[in-house]
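A.B. asks: Provided herewith: input09.tsv, TSV, N, CA and C atoms and all ligand atoms.
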chain	number	residue	atom	x	y	z
A	1	MET	N	36.66	36.25	-26.84
A	1	MET	CA	35.45	35.65	-26.28
A	1	MET	C	35.52	34.13	-26.43
A	2	ILE	N	35.23	33.47	-25.33
A	2	ILE	CA	35.29	32.00	-25.34
A	2	ILE	C	33.97	31.43	-25.85
A	3	ASP	N	34.09	30.55	-26.81
A	3	ASP	CA	32.91	29.89	-27.34
A	3	ASP	C	32.48	28.78	-26.39
A	4	ALA	N	31.36	28.96	-25.74
A	4	ALA	CA	30.91	28.02	-24.71
A	4	ALA	C	30.60	26.64	-25.28
A	5	THR	N	30.38	26.58	-26.56
A	5	THR	CA	30.00	25.28	-27.14
A	5	THR	C	31.23	24.45	-27.52
A	6	PHE	N	32.39	25.09	-27.50
A	6	PHE	CA	33.57	24.41	-28.04
A	6	PHE	C	33.93	23.09	-27.35
A	7	PRO	N	34.03	23.07	-26.00
A	7	PRO	CA	34.43	21.81	-25.35
A	7	PRO	C	33.45	20.68	-25.65
A	8	LYS	N	32.20	21.00	-25.69
A	8	LYS	CA	31.18	20.00	-25.98
A	8	LYS	C	31.37	19.44	-27.39
A	9	THR	N	31.62	20.33	-28.31
A	9	THR	CA	31.84	19.92	-29.69
A	9	THR	C	33.08	19.04	-29.80
A	10	LEU	N	34.13	19.44	-29.10
A	10	LEU	CA	35.37	18.68	-29.14
A	10	LEU	C	35.16	17.28	-28.54
A	11	LEU	N	34.38	17.25	-27.46
A	11	LEU	CA	34.08	15.97	-26.83
A	11	LEU	C	33.32	15.07	-27.80
A	12	GLU	N	32.35	15.65	-28.45
A	12	GLU	CA	31.56	14.88	-29.42
A	12	GLU	C	32.46	14.41	-30.56
A	13	PHE	N	33.37	15.29	-30.94
A	13	PHE	CA	34.33	14.99	-31.99
A	13	PHE	C	35.13	13.74	-31.64
A	14	HIS	N	35.64	13.70	-30.40
A	14	HIS	CA	36.44	12.54	-29.98
A	14	HIS	C	35.58	11.30	-29.81
A	15	ASP	N	34.36	11.52	-29.32
A	15	ASP	CA	33.42	10.39	-29.17
A	15	ASP	C	33.17	9.73	-30.50
A	16	ARG	N	33.02	10.56	-31.50
A	16	ARG	CA	32.65	10.06	-32.81
A	16	ARG	C	33.74	9.17	-33.41
A	17	PHE	N	34.98	9.50	-33.09
A	17	PHE	CA	36.09	8.74	-33.64
A	17	PHE	C	36.82	7.99	-32.54
A	18	SER	N	36.05	7.43	-31.62
A	18	SER	CA	36.63	6.84	-30.43
A	18	SER	C	37.26	5.46	-30.68
A	19	ASP	N	36.85	4.80	-31.74
A	19	ASP	CA	37.47	3.50	-32.03
A	19	ASP	C	37.62	3.28	-33.54
A	20	GLU	N	38.34	2.22	-33.85
A	20	GLU	CA	38.67	1.90	-35.24
A	20	GLU	C	37.41	1.73	-36.10
A	21	ASP	N	36.41	1.06	-35.53
A	21	ASP	CA	35.17	0.83	-36.28
A	21	ASP	C	34.47	2.14	-36.62
A	22	ALA	N	34.46	3.05	-35.66
A	22	ALA	CA	33.81	4.34	-35.89
A	22	ALA	C	34.52	5.09	-37.01
A	23	CYS	N	35.84	5.00	-37.02
A	23	CYS	CA	36.61	5.67	-38.07
A	23	CYS	C	36.37	5.02	-39.43
A	24	LEU	N	36.32	3.69	-39.44
A	24	LEU	CA	36.06	2.99	-40.70
A	24	LEU	C	34.68	3.34	-41.22
A	25	ASP	N	33.71	3.43	-40.30
A	25	ASP	CA	32.35	3.82	-40.70
A	25	ASP	C	32.37	5.20	-41.35
A	26	TYR	N	33.11	6.10	-40.73
A	26	TYR	CA	33.20	7.45	-41.28
A	26	TYR	C	33.80	7.43	-42.69
A	27	LEU	N	34.91	6.71	-42.83
A	27	LEU	CA	35.58	6.64	-44.14
A	27	LEU	C	34.66	6.00	-45.17
A	28	ARG	N	33.90	4.99	-44.73
A	28	ARG	CA	33.01	4.31	-45.65
A	28	ARG	C	31.91	5.26	-46.14
A	29	ARG	N	31.39	6.06	-45.22
A	29	ARG	CA	30.33	7.01	-45.63
A	29	ARG	C	30.87	8.07	-46.58
A	30	GLN	N	32.16	8.43	-46.40
A	30	GLN	CA	32.76	9.39	-47.31
A	30	GLN	C	32.91	8.78	-48.71
A	31	LYS	N	33.28	7.51	-48.73
A	31	LYS	CA	33.57	6.86	-50.00
A	31	LYS	C	32.29	6.43	-50.72
A	32	TRP	N	31.32	5.94	-49.93
A	32	TRP	CA	30.07	5.46	-50.51
A	32	TRP	C	28.90	6.20	-49.86
A	33	PRO	N	28.69	7.45	-50.18
A	33	PRO	CA	27.62	8.23	-49.52
A	33	PRO	C	26.25	7.58	-49.67
A	34	GLU	N	26.04	6.85	-50.72
A	34	GLU	CA	24.74	6.21	-50.94
A	34	GLU	C	24.81	4.70	-50.78
A	35	GLY	N	25.84	4.26	-50.06
A	35	GLY	CA	26.01	2.84	-49.85
A	35	GLY	C	26.99	2.25	-50.85
A	36	PHE	N	27.53	1.10	-50.48
A	36	PHE	CA	28.53	0.46	-51.34
A	36	PHE	C	27.97	0.14	-52.72
A	37	ARG	N	28.76	0.45	-53.73
A	37	ARG	CA	28.46	-0.02	-55.08
A	37	ARG	C	29.79	-0.40	-55.73
A	38	CYS	N	29.90	-1.65	-56.10
A	38	CYS	CA	31.17	-2.15	-56.62
A	38	CYS	C	31.54	-1.42	-57.91
A	39	PRO	N	32.75	-0.85	-57.97
A	39	PRO	CA	33.20	-0.16	-59.19
A	39	PRO	C	33.38	-1.13	-60.34
A	40	SER	N	33.51	-2.39	-60.03
A	40	SER	CA	33.78	-3.38	-61.07
A	40	SER	C	32.50	-4.01	-61.63
A	41	CYS	N	31.56	-4.41	-60.71
A	41	CYS	CA	30.38	-5.13	-61.19
A	41	CYS	C	29.06	-4.51	-60.72
A	42	ALA	N	29.14	-3.39	-59.98
A	42	ALA	CA	27.96	-2.65	-59.53
A	42	ALA	C	27.14	-3.40	-58.48
A	43	HIS	N	27.69	-4.46	-57.91
A	43	HIS	CA	27.02	-5.16	-56.82
A	43	HIS	C	26.94	-4.22	-55.61
A	44	GLU	N	25.92	-4.44	-54.77
A	44	GLU	CA	25.69	-3.49	-53.67
A	44	GLU	C	26.03	-4.03	-52.29
A	45	ARG	N	26.66	-5.21	-52.24
A	45	ARG	CA	27.05	-5.74	-50.94
A	45	ARG	C	28.54	-5.98	-50.89
A	46	ALA	N	29.12	-5.68	-49.73
A	46	ALA	CA	30.55	-5.88	-49.58
A	46	ALA	C	30.86	-6.34	-48.16
A	47	TRP	N	31.96	-7.06	-48.04
A	47	TRP	CA	32.47	-7.41	-46.72
A	47	TRP	C	33.58	-6.43	-46.39
A	48	THR	N	33.59	-5.98	-45.16
A	48	THR	CA	34.68	-5.10	-44.75
A	48	THR	C	35.80	-5.92	-44.14
A	49	ILE	N	36.99	-5.72	-44.67
A	49	ILE	CA	38.17	-6.38	-44.11
A	49	ILE	C	38.89	-5.33	-43.27
A	50	ARG	N	38.64	-5.39	-41.95
A	50	ARG	CA	39.11	-4.32	-41.06
A	50	ARG	C	40.63	-4.21	-41.06
A	51	THR	N	41.29	-5.38	-41.09
A	51	THR	CA	42.75	-5.37	-41.00
A	51	THR	C	43.38	-4.54	-42.11
A	52	TRP	N	42.80	-4.65	-43.29
A	52	TRP	CA	43.36	-3.94	-44.44
A	52	TRP	C	42.58	-2.68	-44.78
A	53	ARG	N	41.54	-2.42	-44.01
A	53	ARG	CA	40.76	-1.20	-44.19
A	53	ARG	C	40.20	-1.09	-45.62
A	54	LEU	N	39.60	-2.18	-46.04
A	54	LEU	CA	39.00	-2.14	-47.37
A	54	LEU	C	37.68	-2.90	-47.39
A	55	ASP	N	36.87	-2.59	-48.37
A	55	ASP	CA	35.64	-3.31	-48.62
A	55	ASP	C	35.87	-4.25	-49.79
A	56	GLU	N	35.42	-5.49	-49.61
A	56	GLU	CA	35.55	-6.46	-50.69
A	56	GLU	C	34.17	-6.81	-51.21
A	57	CYS	N	33.98	-6.64	-52.52
A	57	CYS	CA	32.69	-6.93	-53.15
A	57	CYS	C	32.27	-8.37	-52.86
A	58	ALA	N	31.04	-8.55	-52.40
A	58	ALA	CA	30.55	-9.89	-52.07
A	58	ALA	C	30.31	-10.72	-53.32
A	59	SER	N	30.25	-10.08	-54.46
A	59	SER	CA	29.97	-10.80	-55.70
A	59	SER	C	31.24	-11.17	-56.46
A	60	CYS	N	32.06	-10.16	-56.79
A	60	CYS	CA	33.22	-10.43	-57.66
A	60	CYS	C	34.56	-10.39	-56.92
A	61	GLY	N	34.53	-9.96	-55.66
A	61	GLY	CA	35.77	-9.95	-54.89
A	61	GLY	C	36.63	-8.72	-55.12
A	62	HIS	N	36.12	-7.74	-55.87
A	62	HIS	CA	36.87	-6.51	-56.07
A	62	HIS	C	37.11	-5.84	-54.72
A	63	GLN	N	38.34	-5.39	-54.51
A	63	GLN	CA	38.67	-4.77	-53.24
A	63	GLN	C	38.86	-3.28	-53.40
A	64	ALA	N	38.15	-2.51	-52.57
A	64	ALA	CA	38.23	-1.05	-52.63
A	64	ALA	C	38.74	-0.53	-51.29
A	65	SER	N	39.85	0.17	-51.33
A	65	SER	CA	40.43	0.72	-50.11
A	65	SER	C	39.56	1.83	-49.56
A	66	LEU	N	39.33	1.78	-48.26
A	66	LEU	CA	38.53	2.84	-47.62
A	66	LEU	C	39.38	4.06	-47.31
A	67	THR	N	40.69	3.90	-47.34
A	67	THR	CA	41.57	5.00	-46.96
A	67	THR	C	42.19	5.70	-48.17
A	68	ALA	N	41.99	5.15	-49.38
A	68	ALA	CA	42.59	5.75	-50.57
A	68	ALA	C	42.18	7.22	-50.68
A	69	GLY	N	43.15	8.07	-50.93
A	69	GLY	CA	42.84	9.48	-51.10
A	69	GLY	C	42.74	10.24	-49.78
A	70	THR	N	42.97	9.55	-48.67
A	70	THR	CA	42.97	10.24	-47.38
A	70	THR	C	44.36	10.13	-46.75
A	71	MET	N	44.56	10.88	-45.69
A	71	MET	CA	45.84	10.82	-44.99
A	71	MET	C	46.03	9.47	-44.31
A	72	SER	N	44.94	8.73	-44.15
A	72	SER	CA	45.02	7.43	-43.49
A	72	SER	C	45.65	6.38	-44.39
A	73	HIS	N	45.75	6.70	-45.69
A	73	HIS	CA	46.23	5.71	-46.65
A	73	HIS	C	47.69	5.36	-46.39
A	74	GLY	N	47.95	4.08	-46.29
A	74	GLY	CA	49.32	3.60	-46.16
A	74	GLY	C	49.92	3.70	-44.77
A	75	THR	N	49.14	4.18	-43.82
A	75	THR	CA	49.68	4.29	-42.48
A	75	THR	C	49.32	3.06	-41.66
A	76	ARG	N	50.16	2.74	-40.71
A	76	ARG	CA	49.86	1.64	-39.80
A	76	ARG	C	49.35	2.18	-38.47
A	77	LYS	N	49.29	3.49	-38.38
A	77	LYS	CA	48.80	4.07	-37.13
A	77	LYS	C	47.32	3.76	-36.97
A	78	PRO	N	46.86	3.74	-35.73
A	78	PRO	CA	45.42	3.53	-35.52
A	78	PRO	C	44.63	4.65	-36.20
A	79	LEU	N	43.52	4.28	-36.81
A	79	LEU	CA	42.70	5.30	-37.48
A	79	LEU	C	42.20	6.35	-36.50
A	80	THR	N	42.09	5.96	-35.24
A	80	THR	CA	41.63	6.93	-34.23
A	80	THR	C	42.62	8.08	-34.10
A	81	MET	N	43.86	7.86	-34.49
A	81	MET	CA	44.85	8.93	-34.46
A	81	MET	C	44.86	9.72	-35.76
A	82	VAL	N	44.63	9.03	-36.86
A	82	VAL	CA	44.85	9.64	-38.17
A	82	VAL	C	43.61	10.37	-38.70
A	83	VAL	N	42.44	9.75	-38.56
A	83	VAL	CA	41.24	10.32	-39.17
A	83	VAL	C	40.89	11.70	-38.60
A	84	PRO	N	40.88	11.88	-37.27
A	84	PRO	CA	40.56	13.23	-36.76
A	84	PRO	C	41.56	14.28	-37.23
A	85	ARG	N	42.83	13.89	-37.36
A	85	ARG	CA	43.83	14.84	-37.82
A	85	ARG	C	43.56	15.21	-39.28
A	86	ASP	N	43.21	14.20	-40.05
A	86	ASP	CA	42.86	14.41	-41.46
A	86	ASP	C	41.75	15.45	-41.56
A	87	LEU	N	40.76	15.33	-40.73
A	87	LEU	CA	39.62	16.25	-40.76
A	87	LEU	C	40.05	17.66	-40.39
A	88	ARG	N	40.93	17.77	-39.40
A	88	ARG	CA	41.35	19.10	-38.97
A	88	ARG	C	42.15	19.79	-40.08
A	89	VAL	N	42.94	19.01	-40.79
A	89	VAL	CA	43.74	19.58	-41.88
A	89	VAL	C	42.83	20.10	-42.98
A	90	ARG	N	41.78	19.33	-43.26
A	90	ARG	CA	40.85	19.77	-44.30
A	90	ARG	C	40.05	20.98	-43.86
A	91	GLY	N	39.93	21.12	-42.53
A	91	GLY	CA	39.20	22.27	-41.99
A	91	GLY	C	37.73	22.17	-42.26
B	101	ZN	ZN	31.96	-6.57	-57.70
Please express what this file holds, its structure, as structure tokens.
Ligand SMILES: [Zn+2]
C.D. replies:
Amino acid sequence: MIDATFPKTLLEFHDRFSDEDACLDYLRRQKWPEGFRCPSCAHERAWTIRTWRLDECASCGHQASLTAGTMSHGTRKPLTMVVPRDLRVRG
């Protein structure tokens, strides 16, 4: 039996991870479900350095990788390729 909702879900899936920023947002929410909090000084504001895919504490400069612990870590591939695959692997 074909699940009629599947193509729509897949489309939404791709929409959600359609660009690098969307993927970074997703990774950020996974890492900081309640918003950024610096592991070093507990400050609550950070600058995102997109090139390196990390958040840098606005207070002390501590840098926290957004991809650490995910399949996206250490790859140079676009996150749009890596993040959805990571999710599928986790099921
Ligand atoms: Zn800090």
A.B. asks: If we count only C-alpha atoms and set the cut-off at 8 Å, which residues sit around region 19-22 of chain A, ignoring sequence neighbours fewer than 3 positions away in its own chain? Please answer as a list in words.
C.D. replies: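 Here the qualifying residues turn out to be Arg16, Asp25, Tyr26, Pro78, Leu79 and Thr80 of chain A.
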A.B. asks: What is the atom N of Thr75 (chain A)-atom N of Ala42 (chain A) distance in Å, reported with one decimal?
C.D. replies: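 Spanning atom N of Thr75 (chain A) to atom N of Ala42 (chain A) is a straight-line distance of 26.8 Å.
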A.B. asks: Pick from A:Leu54, A:Leu11, A:Cys60, A:Ala46: nearest to ligand ZN 101 (chain B), with only N, CA and C atoms and all ligand atoms counted?
C.D. replies: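 With only N, CA and C atoms and all ligand atoms as the atom set, the closest residue is A:Cys60.
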A.B. asks: Enumerate, in order of chain and increasing residue number, the residues of chain A with an atom no farther than 8 Å from ligand ZN 101 (chain B), each with its shortest atom pair and distance in Å to one decimal, counting only N, CA and C atoms and all ligand atoms, as CSV.
C.D. replies:
residue,atom,partner,partner_atom,distance
A:Arg37,C,B:ZN101,ZN,6.8
A:Cys38,CA,B:ZN101,ZN,4.6
A:Pro39,N,B:ZN101,ZN,5.8
A:Ser40,C,B:ZN101,ZN,4.7
A:Cys41,N,B:ZN101,ZN,3.7
A:Ala42,N,B:ZN101,ZN,4.8
A:His43,N,B:ZN101,ZN,4.8
A:Glu44,N,B:ZN101,ZN,7.0
A:Arg45,C,B:ZN101,ZN,7.6
A:Glu56,C,B:ZN101,ZN,6.9
A:Cys57,CA,B:ZN101,ZN,4.6
A:Ala58,N,B:ZN101,ZN,5.7
A:Ser59,C,B:ZN101,ZN,4.8
A:Cys60,N,B:ZN101,ZN,3.7
A:Gly61,N,B:ZN101,ZN,4.7
A:His62,N,B:ZN101,ZN,4.7
A:Gln63,N,B:ZN101,ZN,7.2
A.B. asks: Could you pull out the residues in chain A that DSSP calls helix (DSSP H, G or I) from the backbone, as a ChimeraX atom specification?
C.D. replies: /A:6-16,20-31,79-90
A.B. asks: Suppose you want the space between CA of Ala68 (chain A) and CA of Thr9 (chain A); what is it in Å?
C.D. replies: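 Taking CA of Ala68 (chain A) and CA of Thr9 (chain A), their separation equals 27.4 Å.
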A.B. asks: Can you measure atom N of Arg50 (chain A) to atom C of Arg28 (chain A) for me? One decimal in Å is fine.
C.D. replies: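 Atom-to-atom, atom N of Arg50 (chain A) and atom C of Arg28 (chain A) are spaced 13.3 Å apart.
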A.B. asks: Nearest to Phe17 (chain A) among A:Ser72, A:Val83, A:Thr51, A:Arg88, with distances taken over only C-alpha atoms: which residue is it?
C.D. replies: A:Val83
A.B. asks: May I ask which of the residues A:Lys77, A:Arg85, A:Phe36, A:Leu27 is the closest one to Ser65 (chain A), counting all atoms listed in the file?
C.D. replies: A:Leu27
